[in-house]
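> Coordinates in data-v4.cif, mmCIF, C-alpha atoms, are listed below.
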```
data_upload
#
loop_
_atom_site.label_atom_id
_atom_site.label_comp_id
_atom_site.auth_asym_id
_atom_site.auth_seq_id
_atom_site.Cartn_x
_atom_site.Cartn_y
_atom_site.Cartn_z
CA MET Y 1 104.00 -25.36 -108.99
CA THR Y 2 105.75 -25.07 -112.31
CA HIS Y 3 109.23 -23.63 -112.46
CA ALA Y 4 110.01 -20.42 -114.26
CA GLY Y 5 109.87 -20.77 -118.02
CA LYS Y 6 107.88 -24.02 -118.00
CA ARG Y 7 105.14 -24.23 -120.65
CA THR Y 8 101.64 -25.53 -120.14
CA LEU Y 9 99.80 -27.69 -122.68
CA LEU Y 10 96.14 -28.60 -122.20
CA ILE Y 11 94.59 -31.54 -124.06
CA ILE Y 12 90.77 -31.39 -124.29
CA ASP Y 13 89.73 -34.73 -125.74
CA ASP Y 14 87.38 -37.49 -124.57
CA GLU Y 15 89.68 -40.26 -125.86
CA LYS Y 16 91.68 -41.17 -122.73
CA VAL Y 17 94.18 -43.37 -124.57
CA PHE Y 18 95.04 -40.55 -126.98
CA SER Y 19 95.34 -37.97 -124.19
CA GLU Y 20 97.56 -40.17 -122.02
CA THR Y 21 99.77 -41.13 -124.98
CA VAL Y 22 100.35 -37.49 -125.91
CA LYS Y 23 100.88 -36.54 -122.25
CA GLU Y 24 103.52 -39.21 -121.78
CA TYR Y 25 105.26 -38.22 -125.02
CA LEU Y 26 105.36 -34.46 -124.43
CA SER Y 27 105.75 -34.16 -120.66
CA SER Y 28 109.21 -32.89 -119.70
CA GLU Y 29 111.05 -30.50 -117.42
CA THR Y 30 109.99 -27.67 -119.72
CA MET Y 31 106.45 -28.83 -120.55
CA GLU Y 32 103.58 -29.55 -118.19
CA VAL Y 33 100.71 -31.44 -119.83
CA LEU Y 34 97.16 -31.26 -118.45
CA THR Y 35 94.12 -33.20 -119.67
CA ALA Y 36 90.37 -32.67 -119.73
CA GLN Y 37 87.68 -35.10 -120.90
CA ASN Y 38 85.10 -32.52 -121.97
CA GLY Y 39 84.62 -28.86 -122.72
CA ALA Y 40 83.45 -27.87 -119.25
CA GLN Y 41 86.52 -29.37 -117.58
CA GLY Y 42 88.81 -27.75 -120.14
CA LEU Y 43 87.24 -24.34 -119.65
CA GLU Y 44 87.56 -24.65 -115.87
CA ILE Y 45 91.30 -25.37 -116.22
CA CYS Y 46 91.71 -22.38 -118.53
CA SER Y 47 89.97 -20.23 -115.90
CA LEU Y 48 92.40 -21.32 -113.19
CA ARG Y 49 95.65 -21.68 -115.11
CA ASN Y 50 97.63 -19.78 -117.70
CA VAL Y 51 97.64 -22.22 -120.61
CA ASP Y 52 100.06 -21.67 -123.51
CA VAL Y 53 98.69 -24.22 -126.00
CA VAL Y 54 95.39 -26.11 -126.15
CA LEU Y 55 94.89 -29.29 -128.19
CA LEU Y 56 91.15 -29.08 -128.77
CA ASP Y 57 89.14 -31.95 -130.18
CA GLN Y 58 86.43 -30.89 -132.59
CA LYS Y 59 83.92 -33.45 -131.25
CA LEU Y 60 83.46 -33.35 -127.45
CA PRO Y 61 80.74 -35.04 -125.36
CA ASP Y 62 79.18 -31.76 -124.24
CA MET Y 63 79.82 -29.41 -127.20
CA GLU Y 64 81.60 -28.88 -130.51
CA GLY Y 65 85.20 -27.79 -130.12
CA HIS Y 66 84.96 -24.66 -132.24
CA ARG Y 67 82.29 -23.31 -129.85
CA LEU Y 68 84.78 -23.61 -126.98
CA ALA Y 69 87.49 -21.59 -128.69
CA GLY Y 70 85.90 -18.20 -127.96
CA PRO Y 71 85.51 -18.76 -124.19
CA ILE Y 72 89.11 -20.05 -123.99
CA LEU Y 73 90.47 -16.96 -125.74
CA GLU Y 74 88.33 -14.70 -123.53
CA ARG Y 75 90.25 -16.06 -120.54
CA ASN Y 76 93.65 -15.70 -122.23
CA ASP Y 77 93.79 -14.16 -125.68
CA GLN Y 78 97.38 -15.35 -126.14
CA THR Y 79 96.58 -19.07 -125.85
CA LYS Y 80 97.32 -20.93 -129.08
CA ILE Y 81 94.58 -23.39 -130.02
CA ILE Y 82 95.35 -26.39 -132.22
CA PHE Y 83 92.17 -28.14 -133.41
CA ILE Y 84 92.31 -31.92 -133.84
CA THR Y 85 89.65 -34.08 -135.41
CA ALA Y 86 89.13 -37.58 -136.72
CA PHE Y 87 86.61 -36.29 -139.29
CA PRO Y 88 88.46 -33.69 -141.35
CA SER Y 89 86.53 -31.51 -143.75
CA PHE Y 90 86.98 -28.13 -145.38
CA GLU Y 91 83.95 -26.81 -143.52
CA SER Y 92 85.26 -27.84 -140.07
CA ALA Y 93 88.67 -26.36 -140.86
CA VAL Y 94 87.09 -23.02 -141.78
CA LYS Y 95 85.00 -23.08 -138.58
CA ALA Y 96 88.11 -23.78 -136.52
CA LEU Y 97 90.14 -20.96 -138.06
CA ARG Y 98 87.25 -18.50 -137.79
CA ALA Y 99 86.88 -19.45 -134.12
CA GLY Y 100 90.51 -18.44 -133.49
CA ALA Y 101 92.49 -21.61 -134.13
CA HIS Y 102 96.24 -21.25 -134.61
CA ASP Y 103 96.53 -24.56 -136.49
CA TYR Y 104 94.56 -27.62 -137.51
CA LEU Y 105 95.50 -31.35 -137.44
CA SER Y 106 93.66 -34.41 -138.66
CA LYS Y 107 93.77 -37.75 -136.83
CA PRO Y 108 95.65 -39.96 -137.10
CA PHE Y 109 98.89 -37.97 -137.08
CA ASP Y 110 102.47 -38.71 -136.18
CA LEU Y 111 103.54 -37.61 -132.69
CA ASP Y 112 106.61 -35.91 -134.14
CA GLU Y 113 104.32 -33.89 -136.39
CA LEU Y 114 102.25 -32.91 -133.35
CA LYS Y 115 105.39 -31.90 -131.44
CA LEU Y 116 106.54 -29.72 -134.37
CA THR Y 117 103.11 -28.06 -134.58
CA ILE Y 118 103.19 -27.27 -130.85
CA GLU Y 119 106.73 -25.92 -131.10
CA ASN Y 120 105.64 -23.63 -133.94
CA ALA Y 121 102.72 -22.42 -131.84
CA LEU Y 122 105.04 -21.69 -128.90
CA ARG Y 123 107.46 -19.90 -131.19
CA THR Y 124 104.63 -17.69 -132.45
CA LEU Y 125 103.57 -17.04 -128.86
CA ASP Y 126 107.11 -15.96 -127.92
CA LEU Y 127 107.35 -13.63 -130.90
CA GLU Y 128 104.01 -12.05 -130.03
CA ARG Y 129 105.12 -11.48 -126.44
CA VAL Y 130 108.38 -9.90 -127.58
CA GLN Y 131 106.40 -7.65 -129.93
CA GLN Y 132 104.06 -6.67 -127.10
CA ILE Y 133 107.03 -5.76 -124.89
CA GLN Y 134 108.57 -3.73 -127.71
CA ASN Y 135 105.26 -1.97 -128.38
CA TYR Y 136 104.88 -1.20 -124.67
CA ALA Y 137 108.42 0.18 -124.47
CA ALA Y 138 107.85 2.27 -127.60
CA GLU Y 139 104.61 3.65 -126.20
CA LYS Y 140 106.35 4.58 -122.92
CA ASP Y 141 109.12 6.24 -124.92
CA ARG Y 142 106.53 8.18 -126.90
CA GLU Y 143 104.86 9.36 -123.68
CA GLU Y 144 108.21 10.38 -122.16
CA ALA Y 145 109.43 12.20 -125.29
CA VAL Y 146 108.11 15.52 -124.05
CA LEU Y 147 110.15 18.70 -123.88
CA VAL Y 148 109.01 20.39 -120.68
CA GLY Y 149 109.21 24.12 -120.03
CA ASN Y 150 108.18 27.47 -121.44
CA SER Y 151 111.43 29.41 -121.34
CA ARG Y 152 112.69 31.12 -124.46
CA ALA Y 153 115.59 28.65 -124.62
CA ILE Y 154 113.44 25.52 -124.59
CA ALA Y 155 110.92 27.14 -126.95
CA GLU Y 156 113.72 27.43 -129.51
CA VAL Y 157 114.64 23.77 -129.00
CA LYS Y 158 111.00 22.78 -129.54
CA ARG Y 159 110.88 24.81 -132.74
CA LEU Y 160 114.00 23.10 -134.07
CA VAL Y 161 112.68 19.67 -133.11
CA GLU Y 162 109.48 20.33 -135.05
CA SER Y 163 111.49 21.47 -138.07
CA ALA Y 164 113.86 18.48 -137.86
CA ALA Y 165 110.95 16.04 -137.62
CA ALA Y 166 109.58 17.30 -140.93
CA VAL Y 167 112.71 16.38 -142.89
CA ASP Y 168 114.97 13.33 -143.19
CA ALA Y 169 118.28 15.19 -142.85
CA PRO Y 170 120.83 14.06 -140.23
CA VAL Y 171 120.65 15.98 -136.94
CA LEU Y 172 123.47 16.69 -134.48
CA ILE Y 173 122.29 17.36 -130.93
CA THR Y 174 124.75 19.10 -128.61
CA GLY Y 175 124.69 19.98 -124.96
CA GLU Y 176 126.22 19.21 -121.60
CA THR Y 177 125.83 15.80 -120.00
CA GLY Y 178 122.38 15.36 -118.50
CA THR Y 179 120.58 18.03 -120.54
CA GLY Y 180 118.35 15.52 -122.33
CA LYS Y 181 119.91 14.88 -125.72
CA ASN Y 182 118.39 11.39 -125.84
CA LEU Y 183 114.97 12.92 -125.09
CA VAL Y 184 115.32 15.39 -127.95
CA ALA Y 185 116.29 12.56 -130.31
CA LYS Y 186 113.16 10.62 -129.31
CA ALA Y 187 111.01 13.72 -129.71
CA ILE Y 188 112.29 14.15 -133.27
CA HIS Y 189 111.60 10.49 -134.06
CA TYR Y 190 108.08 10.38 -132.60
CA GLU Y 191 107.08 13.60 -134.36
CA SER Y 192 108.41 12.34 -137.71
CA LYS Y 193 106.66 10.26 -140.37
CA ALA Y 194 108.73 7.27 -139.16
CA SER Y 195 107.22 7.40 -135.67
CA ASP Y 196 105.77 3.88 -135.94
CA ALA Y 197 109.11 2.40 -137.02
CA ALA Y 198 112.03 1.43 -134.81
CA PHE Y 199 114.04 3.87 -132.70
CA ILE Y 200 117.43 2.29 -131.98
CA SER Y 201 119.94 3.99 -129.70
CA ILE Y 202 123.62 3.15 -129.26
CA ASN Y 203 126.13 4.90 -126.98
CA CYS Y 204 129.47 5.04 -128.74
CA ALA Y 205 131.27 5.80 -125.47
CA ALA Y 206 129.87 2.74 -123.69
CA LEU Y 207 131.18 0.10 -126.11
CA PRO Y 208 134.71 -1.28 -126.32
CA GLU Y 209 136.41 -0.03 -129.49
CA GLY Y 210 136.69 -3.56 -130.87
CA LEU Y 211 132.91 -4.11 -130.72
CA ILE Y 212 131.57 -0.87 -132.17
CA GLU Y 213 131.91 -1.96 -135.82
CA SER Y 214 130.06 -5.20 -135.13
CA GLU Y 215 127.32 -3.34 -133.23
CA LEU Y 216 126.88 -0.86 -136.05
CA PHE Y 217 127.07 -3.09 -139.10
CA GLY Y 218 126.66 -6.63 -137.75
CA HIS Y 219 128.87 -9.61 -138.53
CA GLU Y 220 128.83 -12.93 -140.33
CA LYS Y 221 129.44 -16.25 -138.66
CA GLY Y 222 133.17 -16.78 -138.16
CA ALA Y 223 134.06 -13.13 -138.81
CA PHE Y 224 136.15 -13.14 -135.63
CA THR Y 225 136.76 -15.30 -132.58
CA GLY Y 226 133.45 -15.67 -130.78
CA ALA Y 227 131.27 -14.89 -133.81
CA VAL Y 228 129.40 -18.19 -133.66
CA ALA Y 229 126.33 -16.94 -135.52
CA VAL Y 230 125.20 -14.23 -137.90
CA LYS Y 231 124.27 -11.02 -136.11
CA LYS Y 232 122.44 -7.96 -137.42
CA GLY Y 233 123.87 -4.54 -136.61
CA VAL Y 234 121.89 -1.52 -135.44
CA PHE Y 235 121.73 -0.16 -138.99
CA GLU Y 236 119.73 -3.19 -140.07
CA MET Y 237 117.62 -3.26 -136.90
CA ALA Y 238 116.64 0.38 -137.41
CA GLU Y 239 115.53 -0.21 -141.01
CA GLY Y 240 112.84 2.30 -141.95
CA GLY Y 241 113.24 4.08 -138.62
CA THR Y 242 115.77 6.12 -136.66
CA LEU Y 243 119.28 5.31 -135.48
CA PHE Y 244 120.54 7.51 -132.64
CA LEU Y 245 124.32 7.59 -132.19
CA ASP Y 246 124.94 9.02 -128.73
CA GLU Y 247 128.37 10.45 -127.83
CA ILE Y 248 129.39 10.35 -131.47
CA GLY Y 249 132.63 12.14 -130.55
CA ASP Y 250 133.90 8.85 -129.11
CA MET Y 251 133.58 7.05 -132.44
CA PRO Y 252 137.03 5.58 -133.30
CA VAL Y 253 138.71 7.43 -136.16
CA HIS Y 254 139.17 4.28 -138.25
CA LEU Y 255 135.38 3.69 -138.27
CA GLN Y 256 134.37 7.25 -139.09
CA SER Y 257 134.97 6.83 -142.83
CA LYS Y 258 132.88 3.65 -142.87
CA LEU Y 259 130.08 5.43 -141.02
CA LEU Y 260 130.23 8.32 -143.49
CA SER Y 261 130.04 5.88 -146.39
CA ALA Y 262 127.02 4.13 -144.87
CA ILE Y 263 125.21 7.46 -144.43
CA ASP Y 264 126.01 8.72 -147.94
CA ASP Y 265 125.50 5.48 -149.88
CA LYS Y 266 122.79 3.96 -147.67
CA MET Y 267 124.68 0.68 -147.94
CA ILE Y 268 126.34 -1.40 -145.23
CA ARG Y 269 128.47 -4.52 -145.22
CA ARG Y 270 128.57 -6.84 -142.24
CA LEU Y 271 131.92 -7.54 -140.66
CA GLY Y 272 133.33 -10.57 -142.50
CA GLY Y 273 130.72 -10.23 -145.23
CA THR Y 274 131.32 -9.97 -148.96
CA THR Y 275 128.07 -8.40 -150.13
CA ALA Y 276 126.60 -4.98 -149.37
CA LYS Y 277 123.07 -4.48 -148.10
CA GLN Y 278 120.91 -1.43 -148.70
CA VAL Y 279 119.52 0.31 -145.61
CA ASN Y 280 117.02 3.12 -145.14
CA VAL Y 281 117.77 4.75 -141.78
CA ARG Y 282 117.40 8.28 -140.37
CA ILE Y 283 120.59 9.26 -138.50
CA LEU Y 284 120.50 11.36 -135.33
CA SER Y 285 123.66 11.88 -133.30
CA ALA Y 286 124.62 13.66 -130.11
CA THR Y 287 127.70 14.78 -128.24
CA SER Y 288 128.57 16.52 -125.01
CA ALA Y 289 132.04 17.33 -126.37
CA ASP Y 290 133.11 20.32 -128.45
CA LEU Y 291 133.53 18.52 -131.77
CA GLU Y 292 134.58 21.64 -133.61
CA ASN Y 293 137.82 21.74 -131.63
CA THR Y 294 138.59 18.14 -132.62
CA LEU Y 295 138.01 18.50 -136.36
CA GLY Y 296 140.95 17.23 -138.36
CA LYS Y 297 142.43 15.64 -135.23
CA THR Y 298 140.21 12.96 -133.68
CA PHE Y 299 137.08 13.65 -135.71
CA ARG Y 300 136.74 13.85 -139.48
CA LYS Y 301 135.55 17.16 -140.90
CA ASP Y 302 133.51 15.53 -143.65
CA LEU Y 303 131.64 13.32 -141.16
CA TYR Y 304 130.98 16.29 -138.90
CA TYR Y 305 129.45 18.31 -141.73
CA ARG Y 306 127.39 15.30 -142.84
CA LEU Y 307 126.01 14.70 -139.34
CA SER Y 308 125.24 18.34 -138.58
CA VAL Y 309 122.98 19.25 -141.50
CA VAL Y 310 120.54 20.27 -138.74
CA ARG Y 311 122.02 21.24 -135.40
CA ILE Y 312 120.15 21.53 -132.11
CA HIS Y 313 121.86 22.81 -128.98
CA ILE Y 314 120.24 22.13 -125.60
CA PRO Y 315 121.13 24.84 -123.07
CA PRO Y 316 122.13 23.72 -119.56
CA LEU Y 317 119.49 23.85 -116.85
CA ARG Y 318 121.14 26.84 -115.15
CA GLU Y 319 120.38 28.88 -118.28
CA ARG Y 320 116.67 28.08 -118.17
CA ARG Y 321 115.87 28.20 -114.48
CA ASP Y 322 112.28 29.24 -115.18
CA ASP Y 323 111.67 25.67 -116.40
CA ILE Y 324 112.73 24.00 -113.14
CA ALA Y 325 109.26 24.13 -111.55
CA ALA Y 326 107.59 22.54 -114.60
CA ILE Y 327 110.34 19.92 -115.02
CA SER Y 328 110.16 18.99 -111.32
CA SER Y 329 106.39 18.54 -111.54
CA PHE Y 330 106.74 16.43 -114.70
CA LEU Y 331 109.41 14.20 -113.15
CA LEU Y 332 107.54 13.74 -109.86
CA LYS Y 333 104.44 12.50 -111.67
CA ARG Y 334 106.54 9.67 -113.09
CA ILE Y 335 107.75 8.50 -109.68
CA PRO Y 336 105.44 5.80 -108.20
CA GLY Y 337 103.18 7.28 -105.53
CA CYS Y 338 103.96 10.90 -106.41
CA ARG Y 339 101.42 11.63 -109.14
CA ASP Y 340 99.63 14.22 -106.95
CA VAL Y 341 102.72 15.59 -105.16
CA GLU Y 342 103.52 19.27 -105.69
CA LEU Y 343 106.59 20.97 -104.27
CA PRO Y 344 105.96 24.08 -102.12
CA ALA Y 345 107.04 27.45 -103.48
CA SER Y 346 109.90 27.63 -100.98
CA GLU Y 347 111.37 24.40 -102.35
CA ILE Y 348 110.98 25.52 -105.95
CA ALA Y 349 112.84 28.73 -105.08
CA LYS Y 350 115.74 26.76 -103.58
CA LEU Y 351 115.88 24.39 -106.55
CA THR Y 352 115.83 27.37 -108.90
CA ASP Y 353 118.79 28.97 -107.12
CA TYR Y 354 120.94 25.85 -107.40
CA PRO Y 355 123.40 25.78 -110.38
CA TRP Y 356 122.63 22.17 -111.42
CA PRO Y 357 126.01 21.05 -112.78
CA GLY Y 358 124.42 17.69 -113.61
CA ASN Y 359 121.47 19.33 -115.36
CA VAL Y 360 118.09 17.56 -115.65
CA ARG Y 361 119.65 14.18 -114.86
CA GLU Y 362 120.82 15.54 -111.50
CA LEU Y 363 117.39 17.06 -110.82
CA ARG Y 364 115.73 13.71 -111.48
CA ASN Y 365 118.21 12.01 -109.15
CA ILE Y 366 117.56 14.53 -106.37
CA LEU Y 367 113.78 14.13 -106.63
CA GLU Y 368 113.96 10.33 -106.66
CA ARG Y 369 116.29 10.33 -103.64
CA ALA Y 370 114.00 12.73 -101.80
CA VAL Y 371 111.01 10.44 -102.36
CA PHE Y 372 113.05 7.45 -101.16
CA VAL Y 373 114.67 8.91 -98.01
CA GLN Y 374 112.25 11.56 -96.78
CA LYS Y 375 109.09 10.91 -94.80
CA GLY Y 376 106.05 13.08 -94.33
CA SER Y 377 103.60 14.87 -96.58
CA GLU Y 378 106.02 17.47 -97.94
CA LEU Y 379 109.17 16.71 -99.89
CA GLN Y 380 112.27 18.81 -99.30
CA PRO Y 381 114.66 17.84 -102.11
CA SER Y 382 116.71 21.00 -101.46
CA LEU Y 383 118.11 19.32 -98.34
CA LEU Y 384 119.91 16.85 -100.61
CA LEU Y 385 121.60 19.46 -102.80
CA GLU Y 386 125.36 19.70 -102.81
CA LYS Y 387 126.52 22.64 -100.73
CA THR Y 388 128.65 24.24 -103.44
CA PRO Y 389 129.04 27.89 -104.51
CA LYS Y 390 126.69 29.04 -107.28
CA ALA Y 391 128.03 28.34 -110.73
CA ASP Y 392 127.22 31.94 -111.68
CA CYS Y 393 129.56 33.36 -109.08
CA PRO Y 394 133.33 33.43 -109.57
CA ALA Y 395 135.26 31.86 -106.73
CA SER Y 396 137.11 35.09 -106.02
CA ALA Y 397 133.82 36.84 -105.19
CA THR Y 398 133.53 34.82 -101.99
CA VAL Y 399 136.71 36.30 -100.55
CA THR Y 400 136.61 39.77 -99.01
CA SER Y 401 139.43 42.27 -99.24
CA ALA Y 402 140.20 41.55 -95.60
CA GLY Y 403 140.71 37.88 -96.36
CA GLY Y 404 137.45 36.70 -94.76
CA ILE Y 405 134.92 34.43 -96.45
CA MET Y 406 131.61 35.85 -97.62
CA THR Y 407 128.42 33.88 -97.32
CA LEU Y 408 126.92 32.65 -100.55
CA GLN Y 409 124.11 35.22 -100.27
CA GLU Y 410 126.55 38.10 -99.70
CA ALA Y 411 128.64 37.06 -102.71
CA GLU Y 412 125.55 36.79 -104.90
CA LYS Y 413 124.25 40.17 -103.78
CA GLN Y 414 127.62 41.78 -104.49
CA LEU Y 415 127.85 40.16 -107.94
CA ILE Y 416 124.34 41.28 -108.95
CA SER Y 417 124.96 44.81 -107.67
CA SER Y 418 128.26 45.01 -109.56
CA ALA Y 419 126.69 43.73 -112.79
CA LEU Y 420 123.83 46.25 -112.53
CA GLY Y 421 126.32 49.07 -112.08
CA GLN Y 422 128.40 48.02 -115.08
CA LEU Y 423 125.33 47.72 -117.31
CA SER Y 424 123.69 50.97 -116.20
CA GLY Y 425 120.82 49.21 -114.48
CA ASN Y 426 119.59 47.44 -117.64
CA LEU Y 427 117.81 44.38 -116.22
CA THR Y 428 117.59 42.41 -119.47
CA ARG Y 429 121.31 42.75 -120.21
CA THR Y 430 122.21 42.05 -116.57
CA ALA Y 431 120.16 38.85 -116.49
CA LYS Y 432 121.77 37.67 -119.74
CA ALA Y 433 125.27 38.51 -118.48
CA LEU Y 434 124.66 36.58 -115.24
CA GLY Y 435 123.21 33.59 -117.10
CA ILE Y 436 119.85 33.75 -115.33
CA SER Y 437 116.32 34.59 -116.42
CA LEU Y 438 114.84 38.06 -116.09
CA SER Y 439 112.22 36.85 -113.60
CA THR Y 440 114.94 35.28 -111.44
CA LEU Y 441 116.90 38.54 -111.47
CA LYS Y 442 113.82 40.52 -110.43
CA ARG Y 443 113.17 38.07 -107.60
CA LYS Y 444 116.78 38.44 -106.44
CA LEU Y 445 116.48 42.23 -106.50
CA ARG Y 446 113.47 42.05 -104.22
CA GLU Y 447 115.16 39.48 -102.00
CA TYR Y 448 118.27 41.61 -101.51
CA SER Y 449 116.42 44.98 -101.58
CA LEU Y 450 118.51 46.14 -104.54
CA LYS Y 451 117.40 48.92 -106.87
#
```
Can the structure from this file be put into structure tokens for me?

Amino acid sequence: MTHAGKRTLLIIDDEKVFSETVKEYLSSETMEVLTAQNGAQGLEICSLRNVDVVLLDQKLPDMEGHRLAGPILERNDQTKIIFITAFPSFESAVKALRAGAHDYLSKPFDLDELKLTIENALRTLDLERVQQIQNYAAEKDREEAVLVGNSRAIAEVKRLVESAAAVDAPVLITGETGTGKNLVAKAIHYESKASDAAFISINCAALPEGLIESELFGHEKGAFTGAVAVKKGVFEMAEGGTLFLDEIGDMPVHLQSKLLSAIDDKMIRRLGGTTAKQVNVRILSATSADLENTLGKTFRKDLYYRLSVVRIHIPPLRERRDDIAAISSFLLKRIPGCRDVELPASEIAKLTDYPWPGNVRELRNILERAVFVQKGSELQPSLLLEKTPKADCPASATVTSAGGIMTLQEAEKQLISSALGQLSGNLTRTAKALGISLSTLKRKLREYSLK
């Protein structure tokens, strides 16, 4: 058995001396070399093993090499085939390349030249695999970038996302932690004309202050202790695409002017560099903080106004409770083994009543925990909810005039009744004042037999 990361080279050539010489030269702890004397043997090995590179002789005892290329690639389309022949001709080279060859060598050749050709083939293979992983991740991101729900609040967010996707202006996304600001940023990107370009995200609160500048703009070799090589920043990596700056409120003040300059001038300079580089990047940013209260203190006014040309606010989950059923169904379908699971109405009602201080992130956590810890055909995520008073209800409402403690239901009933009285029974205004949907209020009225 080969160890992790070991490459496999297959030599298909009827010249035993050549095959053994190459095998002895290239075999190492990182390279396993296999040999086959004809096309049938080579194809059998390719059927049983994952082969990275094939050295394929053009003239084999049982067939011409270019006729073997197709069957090899059918078994593994990532295998790199290097044709080798002692009778080079333009016609044979064209046949080899048309058959799917990565490269072409003529005998005799220097072993160092062969080694370099194989290394180039492996390098190409690695780059293709990285690209495939990136494409897969991007496709998953695209699939997940869905704003779920039909409430009036989320409908407004969807409208703003559609409008923001149609322009290149900077967008500031606000909302409490866990509301889905990253999701909104991805939705804007994947609905925009730059949807096939890169989407790069960086969390300004998660990086040490001393590393943020290097992450944003990159650095040159020797720019600081530990900078042993040139490194691109996220501005360069997002070229032609979207750069999402999460928790922008945590951006150090001394870097805010440099960020503003990069956005306005579309030019960046690597840390330790002497020349500026032009960049074409769409900027999206997000914050869970109230930036307006920090303007002129810890956040520059000019940067704030530049970032918030378009502003999208995501309401907390407690203000769009009607979306909880749809969001729960969407999230469950993305948990392995739960594609066909639907929560019973009783569970949806309990989830809808919960204040969700952690918003959609907390809901996802509760559902995933329920799937992990609960057995049986029906999930009961409500059993995992924190037993805390409703966020809608003031703490004082749970204390009676006699000093006793009301139940949560009694306090809620009293609060709804009081609100109805103050607003002359107007259901729409009462629901808005309580921070709940009209349908939730009507359900509560039936539940508590209130008129």
> List every protein, DNA or RNA residue that has an atom no more than 7 Å from (94.3, -26.4, -132.7) in the file's coordinate frame, counting only C-alpha atoms, and report them as a VMD selection string.
chain Y and resid 54 to 56 81 to 84 101 to 105
> Tell me which protein, DNA and RNA residues are within 6 Å of Thr85 of chain Y, counting all atoms listed in the file, leaving out same-chain ones fewer than 4 positions away, and put them as a compact mmCIF listing (two decimals) with C-alpha atoms, in the frame of the given file.

```txt
# COMPACT_ATOMS: atom_id res chain seq x y z
CA ASP Y 57 89.14 -31.95 -130.18
CA GLN Y 58 86.43 -30.89 -132.59
CA SER Y 106 93.66 -34.41 -138.66
CA LYS Y 107 93.77 -37.75 -136.83
```
> To one decimal place, how far is atom CA of Ile12 of chain Y from atom CA of Gly39 of chain Y in Å?
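Going from atom CA of Ile12 of chain Y over to atom CA of Gly39 of chain Y, I get 6.8 Å.
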> Check what the PyMOL selection byres ((chain Y and resi 271-276) around 10) selects in the file above and give those residues as a ChimeraX atom specification.
/Y:213-224,227,230-231,233,266-270,277-279
> Store the residues of this selection in a file with C-alpha atoms, as a JSON list (two decimals), in the coordinates of the input.

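Saved to selection.json:
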```
[["chain", "number", "residue", "atom", "x", "y", "z"],
["Y", 213, "GLU", "CA", 131.91, -1.96, -135.82],
["Y", 214, "SER", "CA", 130.06, -5.20, -135.13],
["Y", 215, "GLU", "CA", 127.32, -3.34, -133.23],
["Y", 216, "LEU", "CA", 126.88, -0.86, -136.05],
["Y", 217, "PHE", "CA", 127.07, -3.09, -139.10],
["Y", 218, "GLY", "CA", 126.66, -6.63, -137.75],
["Y", 219, "HIS", "CA", 128.87, -9.61, -138.53],
["Y", 220, "GLU", "CA", 128.83, -12.93, -140.33],
["Y", 221, "LYS", "CA", 129.44, -16.25, -138.66],
["Y", 222, "GLY", "CA", 133.17, -16.78, -138.16],
["Y", 223, "ALA", "CA", 134.06, -13.13, -138.81],
["Y", 224, "PHE", "CA", 136.15, -13.14, -135.63],
["Y", 227, "ALA", "CA", 131.27, -14.89, -133.81],
["Y", 230, "VAL", "CA", 125.20, -14.23, -137.90],
["Y", 231, "LYS", "CA", 124.27, -11.02, -136.11],
["Y", 233, "GLY", "CA", 123.87, -4.54, -136.61],
["Y", 266, "LYS", "CA", 122.79, 3.96, -147.67],
["Y", 267, "MET", "CA", 124.68, 0.68, -147.94],
["Y", 268, "ILE", "CA", 126.34, -1.40, -145.23],
["Y", 269, "ARG", "CA", 128.47, -4.52, -145.22],
["Y", 270, "ARG", "CA", 128.57, -6.84, -142.24],
["Y", 277, "LYS", "CA", 123.07, -4.48, -148.10],
["Y", 278, "GLN", "CA", 120.91, -1.43, -148.70],
["Y", 279, "VAL", "CA", 119.52, 0.31, -145.61]]
```
> Which one is closest to Ser163 of chain Y: Y:Glu15, Y:Glu64, Y:Glu139, Y:Glu191? Count only C-alpha atoms.
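Smallest distance to Ser163 of chain Y is found for Y:Glu191.
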> Kindly add N, CA and C atoms to the incomplete segment 304-310 of chain Y and provide the output as an mmCIF file, keeping the file's coordinate frame.

```
data_model
loop_
_atom_site.group_PDB
_atom_site.id
_atom_site.type_symbol
_atom_site.label_atom_id
_atom_site.label_comp_id
_atom_site.auth_asym_id
_atom_site.auth_seq_id
_atom_site.Cartn_x
_atom_site.Cartn_y
_atom_site.Cartn_z
ATOM 1 N N TYR Y 304 131.624 15.263 -139.725
ATOM 2 C CA TYR Y 304 130.980 16.290 -138.900
ATOM 3 C C TYR Y 304 129.961 17.086 -139.714
ATOM 4 N N TYR Y 305 130.356 17.515 -140.907
ATOM 5 C CA TYR Y 305 129.450 18.310 -141.730
ATOM 6 C C TYR Y 305 128.265 17.477 -142.215
ATOM 7 N N ARG Y 306 128.489 16.176 -142.392
ATOM 8 C CA ARG Y 306 127.390 15.300 -142.840
ATOM 9 C C ARG Y 306 126.383 15.080 -141.707
ATOM 10 N N LEU Y 307 126.884 14.956 -140.482
ATOM 11 C CA LEU Y 307 126.010 14.700 -139.340
ATOM 12 C C LEU Y 307 125.249 15.936 -138.886
ATOM 13 N N SER Y 308 125.808 17.114 -139.136
ATOM 14 C CA SER Y 308 125.240 18.340 -138.580
ATOM 15 C C SER Y 308 124.512 19.183 -139.630
ATOM 16 N N VAL Y 309 123.807 18.517 -140.527
ATOM 17 C CA VAL Y 309 122.980 19.250 -141.500
ATOM 18 C C VAL Y 309 121.970 20.116 -140.729
ATOM 19 N N VAL Y 310 121.377 19.519 -139.693
ATOM 20 C CA VAL Y 310 120.540 20.270 -138.740
ATOM 21 C C VAL Y 310 121.222 20.155 -137.388
#
```
